[in-house]
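Here is the structure we will look at, set down as structure tokens.
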Amino acid sequence: MTGERDLGKLLSGMRPELHSGRFVFTTVTGGVPDGVAPVVTVAEQEGTTLVLRREEADAAGLPYAYVAGWITLRVHSALDAVGLTAAVARELAAAGLSCNVVAGYHHDHLFVPYERAEEAVALLRTLSDRSAGPA
């Protein structure tokens with residue numbers, strides 16, 4: 001199944017969805033600790049970055065400094081689509097929101113400051129509505 005490449009369709013069809021819970025970024029050397037089910041893993045030279053529920057990090061004694069809300073853009077974006085990440089980042093940056101983006105095969109996932117996650121979803125919905133044009 002091929003993902004969408006048209007930027008207008010991507011933006012108008014984003015349907016941002018906020019997952020419940022707080023998510024954190026941590027890093028480990030070696031394998032993923034028992035009792036931890038990361039939603040994202042990234043292998044880096046310095047160690048493996050894990051994005052997981054804060055409760056799991058706390059239970060495993062894993063350190064973190066950033067607590068995020070996790071937003072999934074429900075549109076199926078092609079991995080070679082151009083402009084979606086830039087448009088989303090620009091919209092959130094204009095409101096002073098940081099955004100860490102992870103592309104999955106089917107969807108893009110945004111990690112934004114937890115305390116402003118609902119605001120981020122509202123901003124993305126407004127961007128989506130603007131991109132859809134007049135009703």
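Every chain in the structure tokens takes a letter, A first, then B, and so on in the order presented; its residues are numbered from 1, and the ligands are numbered from 1 following the presented order.
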
DSSP-assigned helix (DSSP H, G or I) members of chain A, reported as a VMD selection string: chain A and resid 7 to 12 54 to 60 84 to 94 114 to 132

Exercise: A:Glu46 partners within 9 Å, only C-alpha atoms, chain neighbours under 4 positions left out, as an MDAnalysis selection string: chainID A and resid 27:29

Based on the selection just made, write C-alpha atoms of those residues as an mmCIF file, in the first residue's frame.
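Writing the result to part_3.cif gives the following:
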data_model
loop_
_atom_site.group_PDB
_atom_site.id
_atom_site.type_symbol
_atom_site.label_atom_id
_atom_site.label_comp_id
_atom_site.auth_asym_id
_atom_site.auth_seq_id
_atom_site.Cartn_x
_atom_site.Cartn_y
_atom_site.Cartn_z
ATOM 1 C CA THR A 27 19.112 5.774 26.392
ATOM 2 C CA VAL A 28 20.576 2.387 27.265
ATOM 3 C CA THR A 29 23.619 0.386 26.313
#

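From atom CA of A:Trp70 back to atom CA of A:His19, the distance works out to 5.6 Å.
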
Determine, for each residue of stretch 51-72 of chain A having at least one atom at most 12 Å from an atom of stretch 102-116 of chain A, the closest pair of atoms and their separation in Å to one decimal, counting only C-alpha atoms; order by chain and ascending number, as a Markdown table.
| residue | atom | partner | partner_atom | distance |
| --- | --- | --- | --- | --- |
| A:Val51 | CA | A:Phe111 | CA | 9.5 |
| A:Leu52 | CA | A:Phe111 | CA | 11.2 |
| A:Arg53 | CA | A:Tyr114 | CA | 11.9 |
| A:Arg54 | CA | A:Tyr114 | CA | 11.1 |
| A:Ala65 | CA | A:Pro113 | CA | 11.2 |
| A:Tyr66 | CA | A:Pro113 | CA | 7.6 |
| A:Val67 | CA | A:Tyr114 | CA | 5.8 |
| A:Ala68 | CA | A:Tyr114 | CA | 4.2 |
| A:Gly69 | CA | A:Tyr114 | CA | 4.3 |
| A:Trp70 | CA | A:Phe111 | CA | 4.8 |
| A:Ile71 | CA | A:Leu110 | CA | 5.0 |
| A:Thr72 | CA | A:His109 | CA | 4.5 |

Print the selection's residues with N, CA, C and O atoms to a file, as an mmCIF file, in the first residue's frame.
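After the write, result01.cif holds the following:
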data_model
loop_
_atom_site.group_PDB
_atom_site.id
_atom_site.type_symbol
_atom_site.label_atom_id
_atom_site.label_comp_id
_atom_site.auth_asym_id
_atom_site.auth_seq_id
_atom_site.Cartn_x
_atom_site.Cartn_y
_atom_site.Cartn_z
ATOM 1 N N VAL A 51 11.953 5.384 23.477
ATOM 2 C CA VAL A 51 10.836 6.246 23.836
ATOM 3 C C VAL A 51 9.791 5.312 24.433
ATOM 4 O O VAL A 51 9.375 4.349 23.779
ATOM 5 N N LEU A 52 9.424 5.583 25.674
ATOM 6 C CA LEU A 52 8.524 4.694 26.380
ATOM 7 C C LEU A 52 7.679 5.457 27.383
ATOM 8 O O LEU A 52 7.928 6.637 27.643
ATOM 9 N N ARG A 53 6.681 4.782 27.920
ATOM 10 C CA ARG A 53 5.838 5.387 28.946
ATOM 11 C C ARG A 53 6.682 5.742 30.165
ATOM 12 O O ARG A 53 7.568 4.975 30.555
ATOM 13 N N ARG A 54 6.387 6.907 30.735
ATOM 14 C CA ARG A 54 7.149 7.366 31.896
ATOM 15 C C ARG A 54 7.101 6.347 33.026
ATOM 16 O O ARG A 54 8.118 6.112 33.698
ATOM 17 N N ALA A 65 14.883 13.358 30.908
ATOM 18 C CA ALA A 65 14.769 14.784 31.215
ATOM 19 C C ALA A 65 13.605 15.430 30.479
ATOM 20 O O ALA A 65 13.277 16.573 30.749
ATOM 21 N N TYR A 66 12.978 14.716 29.562
ATOM 22 C CA TYR A 66 11.949 15.294 28.702
ATOM 23 C C TYR A 66 10.706 14.413 28.775
ATOM 24 O O TYR A 66 10.780 13.211 28.502
ATOM 25 N N VAL A 67 9.588 15.012 29.165
ATOM 26 C CA VAL A 67 8.319 14.285 29.229
ATOM 27 C C VAL A 67 7.443 14.805 28.098
ATOM 28 O O VAL A 67 7.208 16.011 27.983
ATOM 29 N N ALA A 68 6.960 13.891 27.269
ATOM 30 C CA ALA A 68 6.275 14.274 26.038
ATOM 31 C C ALA A 68 4.880 13.672 25.946
ATOM 32 O O ALA A 68 4.590 12.637 26.544
ATOM 33 N N GLY A 69 4.057 14.361 25.152
ATOM 34 C CA GLY A 69 2.815 13.786 24.665
ATOM 35 C C GLY A 69 3.103 13.220 23.286
ATOM 36 O O GLY A 69 3.924 13.747 22.540
ATOM 37 N N TRP A 70 2.432 12.128 22.946
ATOM 38 C CA TRP A 70 2.654 11.439 21.667
ATOM 39 C C TRP A 70 1.438 11.660 20.786
ATOM 40 O O TRP A 70 0.325 11.280 21.127
ATOM 41 N N ILE A 71 1.669 12.269 19.632
ATOM 42 C CA ILE A 71 0.627 12.536 18.648
ATOM 43 C C ILE A 71 0.938 11.724 17.386
ATOM 44 O O ILE A 71 2.063 11.773 16.879
ATOM 45 N N THR A 72 -0.049 10.998 16.897
ATOM 46 C CA THR A 72 0.088 10.298 15.622
ATOM 47 C C THR A 72 -0.724 11.030 14.574
ATOM 48 O O THR A 72 -1.891 11.362 14.805
#

Nearby residues (only C-alpha atoms) at most 12 Å from A:Gly35, same-chain spacing under 3 positions excluded, as an MDAnalysis selection string: chainID A and resid 31:32 38 52:53 55:62

How about saving the chosen residues, N, CA and C atoms kept, as an mmCIF file, in the first residue's frame?
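That gives us part.cif:
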data_model
loop_
_atom_site.group_PDB
_atom_site.id
_atom_site.type_symbol
_atom_site.label_atom_id
_atom_site.label_comp_id
_atom_site.auth_asym_id
_atom_site.auth_seq_id
_atom_site.Cartn_x
_atom_site.Cartn_y
_atom_site.Cartn_z
ATOM 1 N N GLY A 31 20.805 -4.337 25.651
ATOM 2 C CA GLY A 31 19.429 -4.585 25.239
ATOM 3 C C GLY A 31 18.409 -3.754 25.992
ATOM 4 N N VAL A 32 17.177 -3.887 25.567
ATOM 5 C CA VAL A 32 16.052 -3.218 26.216
ATOM 6 C C VAL A 32 15.808 -3.912 27.554
ATOM 7 N N PRO A 38 9.244 -0.199 24.603
ATOM 8 C CA PRO A 38 9.349 1.095 23.931
ATOM 9 C C PRO A 38 8.423 1.202 22.732
ATOM 10 N N LEU A 52 9.424 5.583 25.674
ATOM 11 C CA LEU A 52 8.524 4.694 26.380
ATOM 12 C C LEU A 52 7.679 5.457 27.383
ATOM 13 N N ARG A 53 6.681 4.782 27.920
ATOM 14 C CA ARG A 53 5.838 5.387 28.946
ATOM 15 C C ARG A 53 6.682 5.742 30.165
ATOM 16 N N GLU A 55 5.948 5.718 33.234
ATOM 17 C CA GLU A 55 5.823 4.740 34.315
ATOM 18 C C GLU A 55 6.799 3.579 34.142
ATOM 19 N N GLU A 56 7.008 3.159 32.907
ATOM 20 C CA GLU A 56 7.947 2.066 32.645
ATOM 21 C C GLU A 56 9.380 2.508 32.925
ATOM 22 N N ALA A 57 9.715 3.727 32.513
ATOM 23 C CA ALA A 57 11.065 4.247 32.775
ATOM 24 C C ALA A 57 11.308 4.359 34.275
ATOM 25 N N ASP A 58 10.316 4.870 35.000
ATOM 26 C CA ASP A 58 10.455 4.990 36.454
ATOM 27 C C ASP A 58 10.639 3.620 37.100
ATOM 28 N N ALA A 59 9.832 2.647 36.702
ATOM 29 C CA ALA A 59 9.914 1.302 37.284
ATOM 30 C C ALA A 59 11.266 0.641 36.998
ATOM 31 N N ALA A 60 11.824 0.934 35.824
ATOM 32 C CA ALA A 60 13.112 0.340 35.442
ATOM 33 C C ALA A 60 14.305 1.169 35.927
ATOM 34 N N GLY A 61 14.031 2.326 36.560
ATOM 35 C CA GLY A 61 15.112 3.182 37.042
ATOM 36 C C GLY A 61 15.881 3.864 35.928
ATOM 37 N N LEU A 62 15.215 4.117 34.800
ATOM 38 C CA LEU A 62 15.877 4.756 33.665
ATOM 39 C C LEU A 62 15.754 6.271 33.771
#

Among the residues A:Arg22, A:Ala37, A:Leu73, A:Leu123, the one that comes closest to A:Gly96 [using only C-alpha atoms]: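 Using only C-alpha atoms, A:Gly96 sits closest to A:Leu123.
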
Two-atom distance - atom CA of A:Leu11, atom CA of A:Ser77 (Å):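 Spanning atom CA of A:Leu11 to atom CA of A:Ser77 is a straight-line distance of 9.9 Å.
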
Residue among A:His76, A:Val36, A:Glu17, A:Glu44 lying closest to A:Gly3, counting only C-alpha atoms: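 With only C-alpha atoms as the atom set, the closest residue is A:His76.
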
Test item: residues at most 9 Å from A:Arg15, only C-alpha atoms, excluding those fewer than 5 positions along its chain, as a list in words: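 Non-adjacent residues within range: Thr72, Leu73, Arg74, Val75, Leu124, Arg125 and Ser128 of chain A.
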
Who sits within 8 Å of A:Val82, only C-alpha atoms, same chain under 2 positions skipped, as a ChimeraX atom specification: /A:5,7,80,84-85

7 Å contact set for A:Tyr64, only C-alpha atoms, chain neighbours under 6 positions out, as number ranges by chain: A: 24-26

Taking the chain letters and numbering used in this document, name the residues of chain A that DSSP puts in strand (DSSP E), as a compact mmCIF listing (two decimals) with N, CA, C and O atoms, in the first residue's frame.
# COMPACT_ATOMS: atom_id res chain seq x y z
N PRO A 16 -4.73 14.42 13.50
CA PRO A 16 -3.83 14.17 14.63
C PRO A 16 -4.55 13.52 15.79
O PRO A 16 -5.65 13.92 16.15
N GLU A 17 -3.94 12.51 16.35
CA GLU A 17 -4.51 11.74 17.46
C GLU A 17 -3.53 11.75 18.63
O GLU A 17 -2.39 11.31 18.49
N LEU A 18 -3.98 12.24 19.76
CA LEU A 18 -3.15 12.27 20.97
C LEU A 18 -3.32 10.97 21.74
O LEU A 18 -4.44 10.60 22.11
N PHE A 23 5.21 10.18 27.83
CA PHE A 23 6.28 9.40 27.21
C PHE A 23 7.60 10.12 27.41
O PHE A 23 7.66 11.35 27.44
N VAL A 24 8.67 9.33 27.58
CA VAL A 24 9.99 9.90 27.84
C VAL A 24 11.02 9.29 26.89
O VAL A 24 10.82 8.20 26.37
N PHE A 25 12.09 10.03 26.70
CA PHE A 25 13.24 9.57 25.93
C PHE A 25 14.34 9.21 26.92
O PHE A 25 14.65 9.99 27.82
N THR A 26 14.92 8.04 26.74
CA THR A 26 16.04 7.62 27.56
C THR A 26 17.01 6.87 26.66
O THR A 26 16.71 6.62 25.49
N THR A 27 18.15 6.53 27.19
CA THR A 27 19.11 5.77 26.39
C THR A 27 19.70 4.66 27.24
O THR A 27 19.85 4.80 28.46
N VAL A 28 19.99 3.54 26.59
CA VAL A 28 20.58 2.39 27.27
C VAL A 28 21.71 1.84 26.41
O VAL A 28 21.76 2.07 25.19
N VAL A 40 9.27 3.49 20.45
CA VAL A 40 10.28 3.83 19.45
C VAL A 40 11.64 3.38 19.98
O VAL A 40 11.92 3.53 21.17
N THR A 41 12.47 2.84 19.09
CA THR A 41 13.88 2.59 19.41
C THR A 41 14.72 3.14 18.27
O THR A 41 14.34 3.04 17.10
N VAL A 42 15.83 3.73 18.64
CA VAL A 42 16.77 4.24 17.65
C VAL A 42 18.17 3.81 18.07
O VAL A 42 18.62 4.17 19.17
N ALA A 43 18.85 3.05 17.23
CA ALA A 43 20.21 2.61 17.52
C ALA A 43 21.17 3.71 17.11
O ALA A 43 21.19 4.13 15.95
N GLU A 44 21.93 4.20 18.07
CA GLU A 44 22.95 5.22 17.81
C GLU A 44 24.28 4.69 18.31
O GLU A 44 24.33 3.77 19.13
N GLY A 47 24.52 4.65 22.09
CA GLY A 47 23.60 3.79 22.83
C GLY A 47 22.29 3.71 22.08
O GLY A 47 22.13 4.27 21.00
N THR A 48 21.32 3.02 22.66
CA THR A 48 20.01 2.89 22.04
C THR A 48 19.03 3.82 22.73
O THR A 48 18.85 3.75 23.95
N THR A 49 18.44 4.70 21.93
CA THR A 49 17.41 5.60 22.46
C THR A 49 16.10 4.83 22.52
O THR A 49 15.73 4.14 21.56
N LEU A 50 15.42 4.95 23.64
CA LEU A 50 14.10 4.35 23.82
C LEU A 50 13.11 5.46 24.11
O LEU A 50 13.40 6.36 24.90
N VAL A 51 11.95 5.38 23.48
CA VAL A 51 10.84 6.25 23.84
C VAL A 51 9.79 5.31 24.43
O VAL A 51 9.37 4.35 23.78
N LEU A 52 9.42 5.58 25.67
CA LEU A 52 8.52 4.69 26.38
C LEU A 52 7.68 5.46 27.38
O LEU A 52 7.93 6.64 27.64
N ARG A 53 6.68 4.78 27.92
CA ARG A 53 5.84 5.39 28.95
C ARG A 53 6.68 5.74 30.16
O ARG A 53 7.57 4.98 30.55
N VAL A 67 9.59 15.01 29.16
CA VAL A 67 8.32 14.28 29.23
C VAL A 67 7.44 14.81 28.10
O VAL A 67 7.21 16.01 27.98
N ALA A 68 6.96 13.89 27.27
CA ALA A 68 6.28 14.27 26.04
C ALA A 68 4.88 13.67 25.95
O ALA A 68 4.59 12.64 26.54
N GLY A 69 4.06 14.36 25.15
CA GLY A 69 2.81 13.79 24.66
C GLY A 69 3.10 13.22 23.29
O GLY A 69 3.92 13.75 22.54
N TRP A 70 2.43 12.13 22.95
CA TRP A 70 2.65 11.44 21.67
C TRP A 70 1.44 11.66 20.79
O TRP A 70 0.33 11.28 21.13
N ILE A 71 1.67 12.27 19.63
CA ILE A 71 0.63 12.54 18.65
C ILE A 71 0.94 11.72 17.39
O ILE A 71 2.06 11.77 16.88
N THR A 72 -0.05 11.00 16.90
CA THR A 72 0.09 10.30 15.62
C THR A 72 -0.72 11.03 14.57
O THR A 72 -1.89 11.36 14.80
N LEU A 73 -0.10 11.30 13.44
CA LEU A 73 -0.83 11.85 12.29
C LEU A 73 -1.41 10.65 11.56
O LEU A 73 -0.67 9.81 11.03
N ASN A 100 9.60 16.51 18.31
CA ASN A 100 10.48 15.44 17.87
C ASN A 100 9.65 14.52 16.99
O ASN A 100 8.63 13.99 17.44
N VAL A 101 10.07 14.34 15.74
CA VAL A 101 9.30 13.59 14.76
C VAL A 101 9.95 12.24 14.49
O VAL A 101 11.17 12.16 14.29
N VAL A 102 9.12 11.21 14.45
CA VAL A 102 9.57 9.87 14.09
C VAL A 102 8.65 9.38 12.98
O VAL A 102 7.42 9.42 13.13
N ALA A 103 9.22 8.96 11.87
CA ALA A 103 8.42 8.43 10.78
C ALA A 103 8.35 6.92 10.88
O ALA A 103 9.37 6.24 10.92
N ASP A 108 3.34 9.34 10.67
CA ASP A 108 4.34 10.16 11.35
C ASP A 108 3.89 10.33 12.80
O ASP A 108 2.69 10.47 13.08
N HIS A 109 4.86 10.33 13.69
CA HIS A 109 4.59 10.42 15.12
C HIS A 109 5.35 11.61 15.68
O HIS A 109 6.54 11.78 15.39
N LEU A 110 4.66 12.42 16.45
CA LEU A 110 5.22 13.64 17.00
C LEU A 110 5.28 13.53 18.52
O LEU A 110 4.30 13.11 19.14
N PHE A 111 6.38 13.93 19.08
CA PHE A 111 6.52 13.98 20.53
C PHE A 111 6.73 15.45 20.90
O PHE A 111 7.72 16.07 20.48
N VAL A 112 5.78 15.98 21.64
CA VAL A 112 5.76 17.40 21.99
C VAL A 112 5.73 17.51 23.52
O VAL A 112 5.39 16.55 24.21
N PRO A 113 6.06 18.68 24.07
CA PRO A 113 6.01 18.82 25.53
C PRO A 113 4.64 18.40 26.08
O PRO A 113 3.61 18.86 25.58

Interatomic distance, atom CA of A:Ala117 to atom CA of A:Ala132 (Å, one decimal):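 Atom CA of A:Ala117 sits 22.7 Å away from atom CA of A:Ala132.
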
Best match for closeness to A:Arg90 among A:Met14, A:Ala78, A:Val121, A:Leu127, counting only C-alpha atoms: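 Looking only at the distances to A:Arg90, the closest residue turns out to be A:Leu127.
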